[in-house]
Amino acid sequence: MNQPANQPASAYFLEDRHDPNETHTLSILVQNEPGVLARVIGLFSGRGYNIDSLTVSETESQKHVSRITIVTTGTPMVIEQIKHQLDRMIPVFRVVDMTLTGRSIERELAMVKVRGGGDHRVEALRLADAFRARVIDATTESFVFEITGASSKINQFIDLMRPLGLVEVSRTGVAAIGRGPEGM
Amino acid sequence: MSKESHDPNQMTGAAMIVRALIDHGVQHLFGYPGGAVLPIYDEIFQQSEVEHILVRHEQGAGHAAEGYARSTGKPGVVLVTSGPGATNMVTPLTDALMDSIPLVCITGQVPTHLIGNDAFQECDTVGITRPCTKHNWLVRDVNDLAKVLHEAFYVATSGRPGPVVVDVPKDVQFATGTYHPPRKDDVHVSYTPRIKGDATQIRKAVALLAAAKRPVIYSGGGVINSGPEASKLLRELVNVTGFPITSTLMGLGAYPASGKNWLGMLGMHGTYEANMTMHDCDVMLCVGARFDDRITGRIDAFSPGSKKIHIDIDPSSINKNIRVDVPIIGDCANVLGDLLQVFRAEAKKPDIKAWWQQIAQWRARNSLSYRKSSDVILPQQAIQSLFELTRGKDTYITTEVGQHQMWAAQFFGFEEPHRWMTSGGLGTMGYGLPAALGVQVAHPDSLVIDIAGDASVQMTMQEMSTAVQYELPIKIFILNNQYMGMVRQWQQLLHGNRLSHSYSEALPDFVKLADAYGCVGLQAIKPGDLDGAIREMIKVKRPVLFDCRVAALENCFPMIPSGKAHNEMLLPEEATDEATARAFAGGKALV
């Protein structure tokens, strides 16, 4: 990491760590108060953790509880740190590693705008149907599709739309929930 | 106001702040006034329960509060104004966060309707201090103020202690609302620090300890923070097990330096025996320490053959740098109490005679030796003299940051916790002088000495004026080598002796400076002057600046070179130019 050619000496003991990275989805229940999202994001930027995707919304308005879903990448040791660092924040109720539980469902919603005519237009509609994407806006030269599913499915759909006149995409990021009768 | 209509809990926000301080037993407050805190200062003026200490710079208030907190175990309280008052507090807040010091800092803020307008002396205080506090609050409604203040004290002092900021806009200070005394539901339901250790884990730990052949106890600042009971239990554990014990910089004093199982401090400038014991041990019990990079040396070569037990109140300290085998999350005193109970019931003192023999061989290397001189005072000798001449006195030591700090840790023996105040995690030059102020405020009759360097001490020198104003007889013992000694040492060892900007060409005359401040200036230039001057310093009941001229180019050894492991220490007698060059050439890597 950042080693210049002549390897200057340093006051720090730093060594490269070569543990493989893993991607984990974390669900975090927080007190919905001013600045709480800034705290969570600041933790990630301040400590050099990755955020691949982030969604947040109030889920229990009477209790002012919000649920944050973060998809993050790091070595197993870093992922463990992230969970502990989140958990010790004052407004955080719970942190659950959905990937570790192995019993979670992850969904993402995307709106995909495609512009074109003729065969491309027909092909886009046909593919949308195959992916169970809905048309939520249409003009004579464009569609906006709404598609929900796992991130990989959405990626695939977007890739297919690219040659057919893809204009832009808006994605919500991943939301996750555990299977079965229990809550987190 | 008529008697029947007067509800004693109806008051202004400013009055609530002072009332809350009183309700939390605060006797001293360090601060500096300004526009956005004038209503609070007006309330302070009209009462006598909380004494306010006026510093000369907000950073001084912060470090003074840290010294106060660390020497008493009570939270340090600071009051500063908005904008620059708050930004000047960023260093002490970060320092307190790194060293887990409980601070409650109240900042003034511009009135709520001006927030976000770039008003005069406005800054985003909660935004700026979010990463350097345990938690912070902006109070927009006077009726939330009491709850937030009580929660602030609880958060600062419970669990792993740390600094908190309560930002109070000026209109909230003026507004009238309802105060309530501290109560349980003031605290976030989401905040529940774990105090009691898991019984199964404690049993596992005891089994490891009882079967150990080459054990070591490695304790840290968490033991001090946990309170006197933790230090007492730690000492008991050492007695019951007969294990050797070492400590981090922050943990000095938890086990007495005169104790027979004491190995000295470990880490980069720790003793040879402490580091070798850590490296070769088979069971390591870490109590309230966090495997900091100054402690571990090279991570992949850190104590390779040991099973590691880690007691810490903060789950995020576990497995952060070093993977441990038996983590126990809980308060040090609580866990040590349980651990001792189980050990007494189920285990007996393991036979580790062979291990002690090995340790005796390492000790015999005498890693703290240095060559004395009759012409010039060696800094190590200055600290040894200071230690000898203050022995048996009620002494508190603070330090700045650098070589003098490491020498103080190596040569000043601490017998009790809460006697040693130093900036460990952040390494803040300028910490020691204001910290000494805070210690002296808490312990007016004790001997409070800041072991300082000539460079560090100038960073917060202005607080001598505070010492004079409040008749706080702090002793600033400056090891004056005219260099930023640790910077110079690193430049010598790692940067071809190119001493880039580490020499102070224009030092003040510290004796005259003392005179200018209205305190006492003393000087020692020759070894023969030293003891007499120190005696004089101890005798004087006024603040002292002591200019102790020491050998300019002395290096701090022993030392773990960068990128090396505990068993690759450079000892003083081996630190010839070639050996040093070799040791550091191999470690040339990294950042």
# chains A, B, ... in the order shown; residues from 1 in each chain; ligands from 1
>>> select_by_dssp(residues="stretch 252-385 of chain B", states="alpha helix (DSSP H)", output="VMD selection string")
chain B and resid 272 to 280 293 to 296 332 to 346 353 to 363 379 to 385
>>> interface_residues(of="chain B", to="chain A", cutoff="10 Å", atoms="only C-alpha atoms", output="ChimeraX atom specification")
/B:126-127,130-131,134-138,155,159-160,187-193,293-294,296-300,314-323,490-491,493-495,561-565,584-591
>>> residues_around(residues="B:Ser465", least_positions_apart="5", cutoff="12 Å", atoms="only C-alpha atoms", output="PyMOL selection string")
chain B and resi 53-57+60+433-434+437+460+470-474+513-519+543-545
>>> write_last_selection(atoms="N, CA and C atoms", output="PDB file, in the first residue's frame")
ATOM      1  N   ILE B  53     -12.740  27.956  36.682  1.00  0.00           N
ATOM      2  CA  ILE B  53     -11.324  28.276  36.503  1.00  0.00           C
ATOM      3  C   ILE B  53     -11.170  28.865  35.105  1.00  0.00           C
ATOM      4  N   LEU B  54     -10.744  30.097  35.040  1.00  0.00           N
ATOM      5  CA  LEU B  54     -10.576  30.776  33.758  1.00  0.00           C
ATOM      6  C   LEU B  54      -9.207  30.461  33.175  1.00  0.00           C
ATOM      7  N   VAL B  55      -9.209  29.806  32.026  1.00  0.00           N
ATOM      8  CA  VAL B  55      -7.942  29.474  31.371  1.00  0.00           C
ATOM      9  C   VAL B  55      -7.566  30.603  30.412  1.00  0.00           C
ATOM     10  N   ARG B  56      -6.490  30.377  29.645  1.00  0.00           N
ATOM     11  CA  ARG B  56      -6.059  31.400  28.690  1.00  0.00           C
ATOM     12  C   ARG B  56      -6.357  31.002  27.253  1.00  0.00           C
ATOM     13  N   HIS B  57      -6.718  29.769  27.051  1.00  0.00           N
ATOM     14  CA  HIS B  57      -7.019  29.257  25.703  1.00  0.00           C
ATOM     15  C   HIS B  57      -7.899  28.024  25.934  1.00  0.00           C
ATOM     16  N   GLY B  60      -6.462  24.709  26.712  1.00  0.00           N
ATOM     17  CA  GLY B  60      -5.996  24.569  28.094  1.00  0.00           C
ATOM     18  C   GLY B  60      -7.119  24.084  28.998  1.00  0.00           C
ATOM     19  N   LEU B 433       1.068  20.725  30.741  1.00  0.00           N
ATOM     20  CA  LEU B 433       0.983  21.912  31.595  1.00  0.00           C
ATOM     21  C   LEU B 433      -0.462  22.175  32.031  1.00  0.00           C
ATOM     22  N   PRO B 434      -1.394  22.295  31.081  1.00  0.00           N
ATOM     23  CA  PRO B 434      -2.782  22.475  31.527  1.00  0.00           C
ATOM     24  C   PRO B 434      -3.324  21.277  32.301  1.00  0.00           C
ATOM     25  N   LEU B 437      -2.532  21.758  35.782  1.00  0.00           N
ATOM     26  CA  LEU B 437      -3.456  22.725  36.395  1.00  0.00           C
ATOM     27  C   LEU B 437      -4.682  22.012  36.943  1.00  0.00           C
ATOM     28  N   THR B 460       1.415  25.286  25.144  1.00  0.00           N
ATOM     29  CA  THR B 460       0.328  25.751  26.024  1.00  0.00           C
ATOM     30  C   THR B 460       0.896  26.559  27.182  1.00  0.00           C
ATOM     31  N   TYR B 470      -4.755  31.544  39.970  1.00  0.00           N
ATOM     32  CA  TYR B 470      -5.470  30.710  40.945  1.00  0.00           C
ATOM     33  C   TYR B 470      -4.534  30.133  42.013  1.00  0.00           C
ATOM     34  N   GLU B 471      -3.296  30.647  42.034  1.00  0.00           N
ATOM     35  CA  GLU B 471      -2.303  30.192  43.017  1.00  0.00           C
ATOM     36  C   GLU B 471      -2.190  28.672  43.025  1.00  0.00           C
ATOM     37  N   LEU B 472      -2.045  28.124  41.841  1.00  0.00           N
ATOM     38  CA  LEU B 472      -1.891  26.672  41.697  1.00  0.00           C
ATOM     39  C   LEU B 472      -0.396  26.387  41.546  1.00  0.00           C
ATOM     40  N   PRO B 473       0.220  25.808  42.572  1.00  0.00           N
ATOM     41  CA  PRO B 473       1.692  25.715  42.576  1.00  0.00           C
ATOM     42  C   PRO B 473       2.231  24.566  41.724  1.00  0.00           C
ATOM     43  N   ILE B 474       1.850  24.512  40.461  1.00  0.00           N
ATOM     44  CA  ILE B 474       2.325  23.427  39.594  1.00  0.00           C
ATOM     45  C   ILE B 474       3.814  23.623  39.290  1.00  0.00           C
ATOM     46  N   LEU B 513      11.157  34.037  31.731  1.00  0.00           N
ATOM     47  CA  LEU B 513       9.749  33.870  31.374  1.00  0.00           C
ATOM     48  C   LEU B 513       8.915  33.629  32.634  1.00  0.00           C
ATOM     49  N   ALA B 514       9.457  32.803  33.523  1.00  0.00           N
ATOM     50  CA  ALA B 514       8.776  32.550  34.793  1.00  0.00           C
ATOM     51  C   ALA B 514       8.566  33.866  35.529  1.00  0.00           C
ATOM     52  N   ASP B 515       9.603  34.681  35.513  1.00  0.00           N
ATOM     53  CA  ASP B 515       9.543  35.979  36.177  1.00  0.00           C
ATOM     54  C   ASP B 515       8.437  36.837  35.551  1.00  0.00           C
ATOM     55  N   ALA B 516       8.380  36.809  34.220  1.00  0.00           N
ATOM     56  CA  ALA B 516       7.374  37.617  33.522  1.00  0.00           C
ATOM     57  C   ALA B 516       5.962  37.180  33.897  1.00  0.00           C
ATOM     58  N   TYR B 517       5.774  35.884  34.065  1.00  0.00           N
ATOM     59  CA  TYR B 517       4.448  35.379  34.447  1.00  0.00           C
ATOM     60  C   TYR B 517       4.157  35.613  35.928  1.00  0.00           C
ATOM     61  N   GLY B 518       5.185  35.960  36.683  1.00  0.00           N
ATOM     62  CA  GLY B 518       4.979  36.130  38.117  1.00  0.00           C
ATOM     63  C   GLY B 518       5.075  34.822  38.875  1.00  0.00           C
ATOM     64  N   CYS B 519       5.782  33.858  38.309  1.00  0.00           N
ATOM     65  CA  CYS B 519       6.015  32.625  39.057  1.00  0.00           C
ATOM     66  C   CYS B 519       7.518  32.460  39.251  1.00  0.00           C
ATOM     67  N   PRO B 543       3.875  28.412  41.606  1.00  0.00           N
ATOM     68  CA  PRO B 543       4.163  27.761  40.323  1.00  0.00           C
ATOM     69  C   PRO B 543       5.631  27.973  39.933  1.00  0.00           C
ATOM     70  N   VAL B 544       6.228  26.924  39.364  1.00  0.00           N
ATOM     71  CA  VAL B 544       7.650  26.976  39.019  1.00  0.00           C
ATOM     72  C   VAL B 544       7.852  26.561  37.566  1.00  0.00           C
ATOM     73  N   LEU B 545       8.697  27.305  36.866  1.00  0.00           N
ATOM     74  CA  LEU B 545       9.240  26.833  35.589  1.00  0.00           C
ATOM     75  C   LEU B 545      10.683  26.430  35.863  1.00  0.00           C
TER      76      LEU B 545
END
>>> residues_around(residues="stretch 54-59 of chain A", least_positions_apart="3", cutoff="6 Å", atoms="only C-alpha atoms", output="PyMOL selection string")
chain A and resi 65-70+173
>>> write_last_selection(atoms="N, CA and C atoms", output="PDB file, in the first residue's frame")
ATOM      1  N   VAL A  65     -37.972   4.848  15.370  1.00  0.00           N
ATOM      2  CA  VAL A  65     -36.914   3.905  15.022  1.00  0.00           C
ATOM      3  C   VAL A  65     -36.762   3.858  13.510  1.00  0.00           C
ATOM      4  N   SER A  66     -35.527   3.957  13.060  1.00  0.00           N
ATOM      5  CA  SER A  66     -35.238   3.828  11.632  1.00  0.00           C
ATOM      6  C   SER A  66     -34.433   2.564  11.403  1.00  0.00           C
ATOM      7  N   ARG A  67     -34.555   2.050  10.177  1.00  0.00           N
ATOM      8  CA  ARG A  67     -33.763   0.870   9.839  1.00  0.00           C
ATOM      9  C   ARG A  67     -32.825   1.235   8.700  1.00  0.00           C
ATOM     10  N   ILE A  68     -31.557   0.976   8.924  1.00  0.00           N
ATOM     11  CA  ILE A  68     -30.536   1.253   7.916  1.00  0.00           C
ATOM     12  C   ILE A  68     -30.042  -0.097   7.415  1.00  0.00           C
ATOM     13  N   THR A  69     -29.954  -0.228   6.103  1.00  0.00           N
ATOM     14  CA  THR A  69     -29.352  -1.432   5.533  1.00  0.00           C
ATOM     15  C   THR A  69     -28.082  -1.009   4.801  1.00  0.00           C
ATOM     16  N   ILE A  70     -26.975  -1.595   5.178  1.00  0.00           N
ATOM     17  CA  ILE A  70     -25.705  -1.253   4.539  1.00  0.00           C
ATOM     18  C   ILE A  70     -25.085  -2.515   3.964  1.00  0.00           C
ATOM     19  N   GLY A 173     -30.883   1.012  -3.674  1.00  0.00           N
ATOM     20  CA  GLY A 173     -29.961   0.309  -2.778  1.00  0.00           C
ATOM     21  C   GLY A 173     -30.708  -0.859  -2.145  1.00  0.00           C
TER      22      GLY A 173
END
>>> residues_around(residues="A:Ala176", least_positions_apart="2", cutoff="7 Å", atoms="only C-alpha atoms", output="list in words")
Thr69, Ser104, Ile105, Glu106, Arg107, Val174 and Gly178 of chain A
>>> write_last_selection(atoms="N, CA and C atoms", output="short mmCIF file (atom, residue, chain, number, x, y, z; two decimals), in the first residue's frame")
data_model
loop_
_atom_site.label_atom_id
_atom_site.label_comp_id
_atom_site.auth_asym_id
_atom_site.auth_seq_id
_atom_site.Cartn_x
_atom_site.Cartn_y
_atom_site.Cartn_z
N THR A 69 -29.95 -0.23 6.10
CA THR A 69 -29.35 -1.43 5.53
C THR A 69 -28.08 -1.01 4.80
N SER A 104 -31.68 -14.47 5.01
CA SER A 104 -32.26 -13.16 4.73
C SER A 104 -32.64 -13.02 3.26
N ILE A 105 -33.58 -12.15 3.05
CA ILE A 105 -34.00 -11.85 1.69
C ILE A 105 -33.55 -10.43 1.39
N GLU A 106 -32.95 -10.23 0.22
CA GLU A 106 -32.50 -8.89 -0.14
C GLU A 106 -33.17 -8.45 -1.43
N ARG A 107 -33.67 -7.26 -1.42
CA ARG A 107 -34.34 -6.72 -2.60
C ARG A 107 -33.90 -5.30 -2.85
N VAL A 174 -29.95 -1.71 -1.49
CA VAL A 174 -30.50 -2.97 -1.02
C VAL A 174 -31.27 -2.79 0.30
N GLY A 178 -35.05 -10.66 7.45
CA GLY A 178 -34.82 -12.07 7.72
C GLY A 178 -36.04 -12.92 7.36
#
>>> select_by_dssp(residues="chain A", states="strand (DSSP E or B)", output="MDAnalysis selection string")
chainID A and resid 22:31 53:60 65:74 92:97 104:115 134:139 142:149 166:171 175:178
>>> residues_around(residues="A:Gly102", least_positions_apart="5", cutoff="12 Å", atoms="only C-alpha atoms", output="ChimeraX atom specification")
/A:24-26,96-97,176-180
>>> write_last_selection(atoms="N, CA and C atoms", output="short mmCIF file (atom, residue, chain, number, x, y, z; two decimals), in the first residue's frame")
data_model
loop_
_atom_site.label_atom_id
_atom_site.label_comp_id
_atom_site.auth_asym_id
_atom_site.auth_seq_id
_atom_site.Cartn_x
_atom_site.Cartn_y
_atom_site.Cartn_z
N HIS A 24 -20.87 -8.17 2.99
CA HIS A 24 -21.89 -8.47 3.98
C HIS A 24 -22.98 -7.42 3.96
N THR A 25 -24.19 -7.85 4.26
CA THR A 25 -25.32 -6.93 4.38
C THR A 25 -25.66 -6.79 5.86
N LEU A 26 -25.64 -5.56 6.35
CA LEU A 26 -25.91 -5.30 7.76
C LEU A 26 -27.24 -4.57 7.90
N VAL A 96 -27.44 -6.39 12.96
CA VAL A 96 -27.51 -7.81 12.59
C VAL A 96 -26.83 -8.00 11.24
N ASP A 97 -25.93 -8.97 11.20
CA ASP A 97 -25.24 -9.30 9.95
C ASP A 97 -26.12 -10.29 9.19
N ALA A 176 -33.03 -5.35 3.24
CA ALA A 176 -32.95 -6.77 3.60
C ALA A 176 -33.85 -7.06 4.79
N ILE A 177 -34.34 -8.29 4.85
CA ILE A 177 -35.16 -8.72 5.98
C ILE A 177 -34.94 -10.21 6.20
N GLY A 178 -35.05 -10.66 7.45
CA GLY A 178 -34.82 -12.07 7.72
C GLY A 178 -36.04 -12.92 7.36
N ARG A 179 -35.80 -14.17 7.02
CA ARG A 179 -36.90 -15.11 6.76
C ARG A 179 -37.49 -15.58 8.09
N GLY A 180 -38.67 -16.15 8.02
CA GLY A 180 -39.26 -16.77 9.20
C GLY A 180 -40.05 -15.78 10.04
#
>>> residues_around(residues="A:Gly116", least_positions_apart="6", cutoff="10 Å", atoms="only C-alpha atoms", output="PyMOL selection string")
chain A and resi 122+124+140-143+164-167
>>> write_last_selection(atoms="C-alpha atoms", output="CSV table (one decimal), in the first residue's frame")
chain,number,residue,atom,x,y,z
A,122,VAL,CA,-40.4,-3.7,-28.8
A,124,ALA,CA,-37.2,-3.5,-24.4
A,140,THR,CA,-43.9,7.8,-27.8
A,141,GLU,CA,-40.1,7.5,-27.7
A,142,SER,CA,-39.4,6.3,-24.1
A,143,PHE,CA,-40.3,4.0,-21.2
A,164,LEU,CA,-31.6,-0.7,-26.5
A,165,GLY,CA,-31.3,3.0,-25.6
A,166,LEU,CA,-30.6,3.1,-21.8
A,167,VAL,CA,-30.8,6.8,-20.7
>>> closest_residue(among="B:Pro417, B:Pro102, B:Gly177, B:Gly424", to="B:Thr157", atoms="only C-alpha atoms")
B:Pro102
>>> closest_residue(among="B:Ile313, B:Val206, B:Ala65, B:Val148", to="B:Arg183", atoms="only C-alpha atoms")
B:Val148
>>> atom_distance(atom1="atom CA of B:Asp186", atom2="atom CA of B:Gly222")
25.9 Å
